[in-house]
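Data first, discussion second: the structure below is written as structure tokens.
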Amino acid sequence: MIRCKTSKEISGMGHSMKRKEDDRFLQGKGNYVDDIQLPGMLHMDIVRSPYAYAKIKSINTEAALAVPGVIAVVTGKDLEQYNLHWMPTLMSDTQMVLPTDTVMYQSQEVAAVIATDRYAARDGREAVMVEYEPMKAVVDPYKALEPDAPVLRSDKEGKTDNHIWHWEVGDKDATEKLFNEADVVVKEQMHIPRIHVSSIETCGCVADYDKVENHLTMYMTTQAPHAIRTVIALVAGHVGLTEEKVRVISPDIGGGFGGKVPVYPGYVIAIAVSFLVGKPVKWVEDRSENLQADSFARDYHITAEMAGTKEGKILGTRFKILADHGYTDAAANPSKFPTGLFSIGTGSYDYGTAYMEADAVYTNKPPGGVAYRCSFRVTEAVHAIERITDRFAMEVGKDPAQLRMENFIKKEDFPWKSPTGWEYDSGDYHAGLKLAMDTVEYDKLRVEQAEKRKNGELMGIGISTFTEIVGAGPSKDFDILGIKMFDSAEIRVHPTGKAIARFGTKSQGQGHETTYAQIIAEELGIPAAHIQIEEGDTDTAPYGLGTYASRSTPTAGAAAAVAARKLRDKAKKIAAYLLEVSEEDLEWEPGKFFVKGAPEKVKTIQELVFAAYTNHPQGMEAGFEATHYYDPPNLTFPSGAYICVVDIDKETFEIKVRRFVAIDDCGNIINPMIVQGQVHGGLTQGLAPAMYEELIYDEDGNILNGTLMDYLVPTAVESPSWETGHTVTPSPHHPIGAKGVGESPTVGAPPAIANAIVDALSPYGITHMDIPITPYKIWKTLKAKGVIE
Amino acid sequence: MKKQITVTVNGEQHTVEVETRTLLVHTIREQLRLTGTHIGCDTSSCGACTVLLDGKSIKSCTVLSIQADGKEISTVEGLAKDGLHPLQEGFKENHGLHCGFCTPGMLMRAVELLEKNPNPTEEEIRWGISGNLCRCTGYNNIVKAIQYAGAKMRGEETPSTEPEFV
């Protein structure tokens, strides 16, 4: 049970308060980008390349311009005049806005058609004639590194290969020595496939440039509006769009999952066109464009190794990664972390030796490297450690739950320094796994499995006990293009004791309008129902780096608590003045200060706020407002213990997830209903890549499943009924002891499912299968093993 | 080519001029300015555009506006006359929505589902909404929301909306 300090009326932390944002969404009154319709607004559609790699010989726009309603066609050559044909990526690489001579992936933007309505724009798109000279595409990242591979980024002076960067962490020599001498070494080759966030709302914008005011309002599907404003000002300042002349509005967002962090070419073209014609320009991509061209996630090829003793003690790990980045490194990571936070991959286990290295490579595929509901490559890391741990358990002949219990970092050993340099803040991994095992009745399941195996039935039990790393991040290490990754809250309480609070983050469904209000209610005792939350308008909200990587509660949530505490300190001064006592004589309980030992001498927060406007002490600043920019001292380290039970049909190899128990520990819980909802959603987004989703390319770089008809987002039928629970290990350094949770289940679920399937097939000598694991893949694997004909 | 059509939307009659190729979802959103109906894909896969056409749930991205001539359309904006419809209440009470983008389509689909089957099992609900994708919620709470609305519409006591944490 979660204990609450505040009454239900106040609804501070721990209350399952119903969401404040729901009423507008339920009644069709949400305001998403495509709902915005401005007078004189033009529509933009984009011509895309049918080839993965080709020279552009010519672009003929004549027929397109003759289409009624079409007013312009923009090409790379047009943008080149303004030096806008290339743009920087978040990882300081370069990406084409529109190409001048070469296309680098199928569905890349080639030209933009501007028209008076969306149908005319589409007609114009079909009428643009582009002549290409196709070239042999480089699709396989291993082949891209071969000496005779064509150099894809010939635009970069002196570039002689397709290698982007090398990264490493840990002690290479010590790890090598350990692996040479260890009793047991296991090794698996894994591919974490390329997938797509596919939020139900695609990406889009309305760029509205006002020539008279020299002012740009950019309505945009972005998870980070403030950073976008700064980037626009840095890129377009020379044409007069300085930062005070740019307003970015991120209205309601229909799901983000990291896919709405990057700047896509469509946004830039829309701004350029609006700037040139002085009219609002709307661009909303369709689903196929979204799947085929917007940032992918994952696509890591990992060689994972673990060394240990015959008794099952883990001694070390070694991971080698080949990262397929497509034609440019446009990953959404903090600038100093090319592999994101992959270095969390030593996991929940107590050992001291590890080495990880990664090489990134260019191929003729779309750029990306975004989250897919994951904190910067943590899913890849967790998959590697949780799969190889199971492989190790199999090798030493130990139950995977038992092996984990024996190797976990102990509760009392926190803060714990990982071999790759992180300081885990807190955790109780034994308690989490025990609760998961008790809930699922683990021992009984193993007995049932043994019985079923006698009859050749395929039942598997899979475990994942992961450590997450969220809340980027401390300013000494974390920045995006130089901007430190703090976040902010500004609270303004009106004379009658009702408040408005604004944040540098931006909810895309996480429920900030409710949970932030609850944090402030917890600290000030003002009912959450009377605290209005606003985000996403750079003209009004304080600066922040946005919402992704489960960072909002660890950063902006902390800022809310600290800002509210500043106000509580002010309220205390006013209370001392009004009650004619010293501050030390006052005691706080949610919503009021009273004199110690004389509870009848009391002032409510509402009275104290009113006094701040009507009767404040002389010398004190009037009003009741506070702002805080929170620079986290460390990241937070949520954890989870997941157990999955699968049954696989002996004939068809159809996989049925019979049960899935997820125990999460995200520290103190703000709103249990919302946390549980986040876990459900994250689990389905963990199921998806484990069993269904993968962006598939043929050897010419053609995408084979670029629509929702063949890119298999799970429906309610595939998604099992999730069973959830929690343990609470507060973060010692976070003001409210919270950690962040949105992505934990997406990170933790895939290896639990993969481990369960491999467990089911283990009697047939199967030690590993790459996700997504499909009936066809099982059939192929068993056939290759000679198990079936 | 343009054509005039007359449709009754949420009980109100509208006569509008549309191109023969204009999709119903665009007429609803852009001419009638009822933007609660959303567009999430281009292959009739996601169901975000679901509305009722003469009481039957359809994906309005796959119907031409001229096909709706003379018919009745219900959208999320017309679901409740006053306050919240039991389905809307069910979604709110059970946290059946996160970003809200799929929600109007889910609601309109569920209206027909409960009309045809007032007391569906969990499996019937899951199959019943399998033409509507949600990327945020994992569906658990959407199922609960529809069960809640079903109970309410049958005049029975609604199930608990407390989170089922262990």
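Each chain of the structure tokens is named A, B, ... in the order shown, its residues numbered from 1; ligands are numbered from 1 in display order.
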**OP:** Identify, on the basis of only C-alpha atoms, every residue whose closest approach to B:Asn117 does not exceed 12 Å; exclude the query and any residue fewer than 4 positions from it along the same chain; express the result as a PyMOL selection string.
**Re:** chain B and resi 110-113+121-122+124-125+128+146-147+150-151+153-154
Find the residues of chain B in contact range of chain A, meaning any atom within 7 Å when counting only C-alpha atoms, and list them as a compact mmCIF listing (two decimals) with C-alpha atoms, in the first residue's frame.
# COMPACT_ATOMS: atom_id res chain seq x y z
CA THR B 35 -11.21 17.89 -35.21
CA GLY B 36 -11.83 15.23 -32.57
CA GLY B 40 -3.22 8.17 -37.87
CA CYS B 41 -2.42 6.25 -41.03
CA ASP B 42 -2.98 5.95 -44.75
CA THR B 43 -3.91 2.26 -44.95
CA SER B 45 -5.02 0.21 -40.18
CA VAL B 76 -16.81 11.98 -30.57
CA GLU B 77 -18.03 15.57 -30.19
CA GLN B 88 -15.97 8.57 -21.74
CA LYS B 92 -11.36 8.60 -17.50
CA GLU B 93 -11.99 6.51 -14.40
CA HIS B 95 -7.00 5.69 -17.18
CA HIS B 98 -2.60 8.65 -22.36
CA CYS B 99 -1.91 10.94 -25.33
CA GLY B 100 -5.56 10.93 -26.37
CA PHE B 101 -4.93 10.60 -30.09
CA CYS B 102 -6.49 7.16 -30.60
CA THR B 103 -9.17 7.82 -27.98
CA PRO B 104 -11.98 9.29 -30.11
CA ARG B 126 -9.95 -7.26 -27.39
CA TRP B 127 -11.10 -8.64 -30.75
CA ILE B 129 -11.20 -3.10 -30.81
CA SER B 130 -8.51 -4.89 -32.81
CA LEU B 133 -4.33 0.85 -32.55
CA CYS B 134 -3.15 2.46 -29.33
CA ARG B 135 0.56 2.99 -28.83
CA CYS B 136 0.50 4.34 -25.28
CA THR B 137 -1.73 2.31 -22.96
CA GLY B 138 -1.01 -1.35 -23.66
CA TYR B 139 -4.80 -1.82 -23.87
CA ASN B 140 -5.33 -3.21 -20.32
CA PRO B 163 -4.96 0.30 -9.92
CA PHE B 165 -0.93 -3.16 -7.97
CA VAL B 166 0.21 -6.25 -6.10
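In terms of minimum interatomic distance to A:Gly546, A:Thr505 ranks closest within A:Thr505, A:Ser418, A:Ser49, A:Thr746, counting only C-alpha atoms.
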**OP:** Do a neighbour search on B:Thr8 at 8 Å with only C-alpha atoms, toss out local chain neighbours closer than 5 positions, and write the hits as a ChimeraX atom specification.
**Re:** /B:13-14,70-73
Original post:
Which residues in stretch 466-514 of chain A does DSSP call strand (DSSP E or B)? List them as a PyMOL selection string.
Top reply: chain A and resi 466-467+470+479-480+483-484+487-493+499-503
Could you write those residues out with C-alpha atoms, as a PDB file, in the first residue's frame?
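What ended up in out05.pdb:
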ATOM      1  CA  PHE A 466      17.077  -4.897 -15.255  1.00  0.00           C
ATOM      2  CA  THR A 467      18.576  -1.662 -14.025  1.00  0.00           C
ATOM      3  CA  VAL A 470      17.028   7.865 -16.405  1.00  0.00           C
ATOM      4  CA  ASP A 479      24.278  18.550 -22.680  1.00  0.00           C
ATOM      5  CA  ILE A 480      22.623  18.649 -26.065  1.00  0.00           C
ATOM      6  CA  ILE A 483      22.820  23.270 -23.659  1.00  0.00           C
ATOM      7  CA  LYS A 484      22.956  21.644 -20.248  1.00  0.00           C
ATOM      8  CA  ASP A 487      14.895  21.302 -16.421  1.00  0.00           C
ATOM      9  CA  SER A 488      12.649  23.893 -14.917  1.00  0.00           C
ATOM     10  CA  ALA A 489       9.464  24.810 -13.089  1.00  0.00           C
ATOM     11  CA  GLU A 490       7.849  28.153 -12.455  1.00  0.00           C
ATOM     12  CA  ILE A 491       4.989  28.361  -9.963  1.00  0.00           C
ATOM     13  CA  ARG A 492       2.733  31.353  -9.638  1.00  0.00           C
ATOM     14  CA  VAL A 493       0.065  31.293  -6.941  1.00  0.00           C
ATOM     15  CA  ALA A 499      -1.969  28.368  -8.980  1.00  0.00           C
ATOM     16  CA  ILE A 500      -0.540  28.074 -12.442  1.00  0.00           C
ATOM     17  CA  ALA A 501       2.765  26.306 -12.999  1.00  0.00           C
ATOM     18  CA  ARG A 502       4.814  26.111 -16.167  1.00  0.00           C
ATOM     19  CA  PHE A 503       7.543  23.713 -17.146  1.00  0.00           C
TER      20      PHE A 503
END
**OP:** Write down as a PyMOL selection string the residues belonging to stretch 72-141 of chain B that are assigned alpha helix (DSSP H) by DSSP computed on the backbone.
**Re:** chain B and resi 86-93+103-116+122-128+140-141
Using N, CA and C atoms, can you export the residues from the last selection as a PDB file, in the first residue's frame?
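Below is the file that was written, selection-v3.pdb:
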ATOM      1  N   PRO B  86     -21.114   7.210 -20.695  1.00  0.00           N
ATOM      2  CA  PRO B  86     -20.519   6.158 -19.852  1.00  0.00           C
ATOM      3  C   PRO B  86     -19.164   5.664 -20.370  1.00  0.00           C
ATOM      4  N   LEU B  87     -18.982   5.648 -21.682  1.00  0.00           N
ATOM      5  CA  LEU B  87     -17.681   5.226 -22.207  1.00  0.00           C
ATOM      6  C   LEU B  87     -16.603   6.258 -21.892  1.00  0.00           C
ATOM      7  N   GLN B  88     -16.947   7.516 -22.072  1.00  0.00           N
ATOM      8  CA  GLN B  88     -15.975   8.569 -21.739  1.00  0.00           C
ATOM      9  C   GLN B  88     -15.623   8.512 -20.261  1.00  0.00           C
ATOM     10  N   GLU B  89     -16.645   8.318 -19.441  1.00  0.00           N
ATOM     11  CA  GLU B  89     -16.430   8.203 -17.994  1.00  0.00           C
ATOM     12  C   GLU B  89     -15.550   6.984 -17.693  1.00  0.00           C
ATOM     13  N   GLY B  90     -15.848   5.878 -18.384  1.00  0.00           N
ATOM     14  CA  GLY B  90     -15.063   4.652 -18.178  1.00  0.00           C
ATOM     15  C   GLY B  90     -13.603   4.853 -18.518  1.00  0.00           C
ATOM     16  N   PHE B  91     -13.343   5.542 -19.608  1.00  0.00           N
ATOM     17  CA  PHE B  91     -11.946   5.802 -20.002  1.00  0.00           C
ATOM     18  C   PHE B  91     -11.261   6.697 -18.973  1.00  0.00           C
ATOM     19  N   LYS B  92     -11.975   7.695 -18.471  1.00  0.00           N
ATOM     20  CA  LYS B  92     -11.365   8.596 -17.496  1.00  0.00           C
ATOM     21  C   LYS B  92     -11.106   7.880 -16.176  1.00  0.00           C
ATOM     22  N   GLU B  93     -12.100   7.157 -15.705  1.00  0.00           N
ATOM     23  CA  GLU B  93     -11.993   6.505 -14.398  1.00  0.00           C
ATOM     24  C   GLU B  93     -10.923   5.412 -14.402  1.00  0.00           C
ATOM     25  N   THR B 103      -8.005   7.933 -28.858  1.00  0.00           N
ATOM     26  CA  THR B 103      -9.167   7.818 -27.982  1.00  0.00           C
ATOM     27  C   THR B 103     -10.515   8.037 -28.681  1.00  0.00           C
ATOM     28  N   PRO B 104     -10.669   9.110 -29.474  1.00  0.00           N
ATOM     29  CA  PRO B 104     -11.981   9.289 -30.110  1.00  0.00           C
ATOM     30  C   PRO B 104     -12.390   8.097 -30.981  1.00  0.00           C
ATOM     31  N   GLY B 105     -11.432   7.550 -31.712  1.00  0.00           N
ATOM     32  CA  GLY B 105     -11.729   6.383 -32.547  1.00  0.00           C
ATOM     33  C   GLY B 105     -12.081   5.167 -31.707  1.00  0.00           C
ATOM     34  N   MET B 106     -11.335   4.971 -30.620  1.00  0.00           N
ATOM     35  CA  MET B 106     -11.623   3.859 -29.703  1.00  0.00           C
ATOM     36  C   MET B 106     -13.040   3.984 -29.139  1.00  0.00           C
ATOM     37  N   LEU B 107     -13.368   5.220 -28.723  1.00  0.00           N
ATOM     38  CA  LEU B 107     -14.687   5.446 -28.126  1.00  0.00           C
ATOM     39  C   LEU B 107     -15.789   5.122 -29.123  1.00  0.00           C
ATOM     40  N   MET B 108     -15.638   5.607 -30.359  1.00  0.00           N
ATOM     41  CA  MET B 108     -16.707   5.423 -31.341  1.00  0.00           C
ATOM     42  C   MET B 108     -16.832   3.950 -31.728  1.00  0.00           C
ATOM     43  N   ARG B 109     -15.697   3.267 -31.775  1.00  0.00           N
ATOM     44  CA  ARG B 109     -15.738   1.825 -32.038  1.00  0.00           C
ATOM     45  C   ARG B 109     -16.464   1.103 -30.892  1.00  0.00           C
ATOM     46  N   ALA B 110     -16.138   1.531 -29.659  1.00  0.00           N
ATOM     47  CA  ALA B 110     -16.720   0.863 -28.488  1.00  0.00           C
ATOM     48  C   ALA B 110     -18.225   1.102 -28.390  1.00  0.00           C
ATOM     49  N   VAL B 111     -18.686   2.234 -28.914  1.00  0.00           N
ATOM     50  CA  VAL B 111     -20.134   2.501 -28.898  1.00  0.00           C
ATOM     51  C   VAL B 111     -20.865   1.372 -29.625  1.00  0.00           C
ATOM     52  N   GLU B 112     -20.386   1.060 -30.815  1.00  0.00           N
ATOM     53  CA  GLU B 112     -21.071   0.019 -31.593  1.00  0.00           C
ATOM     54  C   GLU B 112     -20.872  -1.359 -30.963  1.00  0.00           C
ATOM     55  N   LEU B 113     -19.644  -1.557 -30.445  1.00  0.00           N
ATOM     56  CA  LEU B 113     -19.344  -2.844 -29.804  1.00  0.00           C
ATOM     57  C   LEU B 113     -20.333  -3.137 -28.672  1.00  0.00           C
ATOM     58  N   LEU B 114     -20.565  -2.148 -27.814  1.00  0.00           N
ATOM     59  CA  LEU B 114     -21.470  -2.362 -26.675  1.00  0.00           C
ATOM     60  C   LEU B 114     -22.930  -2.419 -27.107  1.00  0.00           C
ATOM     61  N   GLU B 115     -23.224  -1.749 -28.191  1.00  0.00           N
ATOM     62  CA  GLU B 115     -24.598  -1.796 -28.688  1.00  0.00           C
ATOM     63  C   GLU B 115     -24.934  -3.210 -29.164  1.00  0.00           C
ATOM     64  N   LYS B 116     -23.989  -3.824 -29.860  1.00  0.00           N
ATOM     65  CA  LYS B 116     -24.214  -5.172 -30.391  1.00  0.00           C
ATOM     66  C   LYS B 116     -24.054  -6.235 -29.316  1.00  0.00           C
ATOM     67  N   GLU B 122     -13.687 -10.185 -21.880  1.00  0.00           N
ATOM     68  CA  GLU B 122     -12.430  -9.494 -22.190  1.00  0.00           C
ATOM     69  C   GLU B 122     -11.969  -9.838 -23.605  1.00  0.00           C
ATOM     70  N   GLU B 123     -12.074 -11.119 -23.951  1.00  0.00           N
ATOM     71  CA  GLU B 123     -11.603 -11.512 -25.278  1.00  0.00           C
ATOM     72  C   GLU B 123     -12.439 -10.872 -26.383  1.00  0.00           C
ATOM     73  N   GLU B 124     -13.741 -10.794 -26.157  1.00  0.00           N
ATOM     74  CA  GLU B 124     -14.603 -10.148 -27.158  1.00  0.00           C
ATOM     75  C   GLU B 124     -14.265  -8.668 -27.310  1.00  0.00           C
ATOM     76  N   ILE B 125     -13.932  -8.031 -26.181  1.00  0.00           N
ATOM     77  CA  ILE B 125     -13.535  -6.612 -26.274  1.00  0.00           C
ATOM     78  C   ILE B 125     -12.225  -6.496 -27.050  1.00  0.00           C
ATOM     79  N   ARG B 126     -11.255  -7.342 -26.721  1.00  0.00           N
ATOM     80  CA  ARG B 126      -9.953  -7.257 -27.395  1.00  0.00           C
ATOM     81  C   ARG B 126     -10.101  -7.464 -28.901  1.00  0.00           C
ATOM     82  N   TRP B 127     -10.880  -8.459 -29.305  1.00  0.00           N
ATOM     83  CA  TRP B 127     -11.105  -8.637 -30.747  1.00  0.00           C
ATOM     84  C   TRP B 127     -11.925  -7.474 -31.306  1.00  0.00           C
ATOM     85  N   GLY B 128     -12.867  -6.989 -30.514  1.00  0.00           N
ATOM     86  CA  GLY B 128     -13.758  -5.918 -30.969  1.00  0.00           C
ATOM     87  C   GLY B 128     -13.040  -4.615 -31.264  1.00  0.00           C
ATOM     88  N   ASN B 140      -4.704  -2.694 -21.556  1.00  0.00           N
ATOM     89  CA  ASN B 140      -5.331  -3.214 -20.322  1.00  0.00           C
ATOM     90  C   ASN B 140      -6.473  -2.309 -19.853  1.00  0.00           C
ATOM     91  N   ASN B 141      -6.161  -1.014 -19.771  1.00  0.00           N
ATOM     92  CA  ASN B 141      -7.138  -0.098 -19.185  1.00  0.00           C
ATOM     93  C   ASN B 141      -8.238   0.291 -20.166  1.00  0.00           C
TER      94      ASN B 141
END
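Minimum distance to B:Arg29 across B:Lys3, B:His85, B:Ile58, B:Thr75 (counting only C-alpha atoms) occurs at B:Thr75.
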**OP:** Just the residues within 12 Å of A:Gly619, please, counting only C-alpha atoms, with nothing from its chain fewer than 2 positions along; format it as number ranges by chain.
**Re:** A: 573-574, 577, 612, 615-617, 621-622
**OP:** Would you mind listing what lies within 12 Å of B:Glu19 as a VMD selection string, with only C-alpha atoms counted and same-chain residues fewer than 5 positions away left out?
**Re:** (chain A and resid 117 119 to 120) or (chain B and resid 1 to 5 24 26 to 27 31 64 to 67)
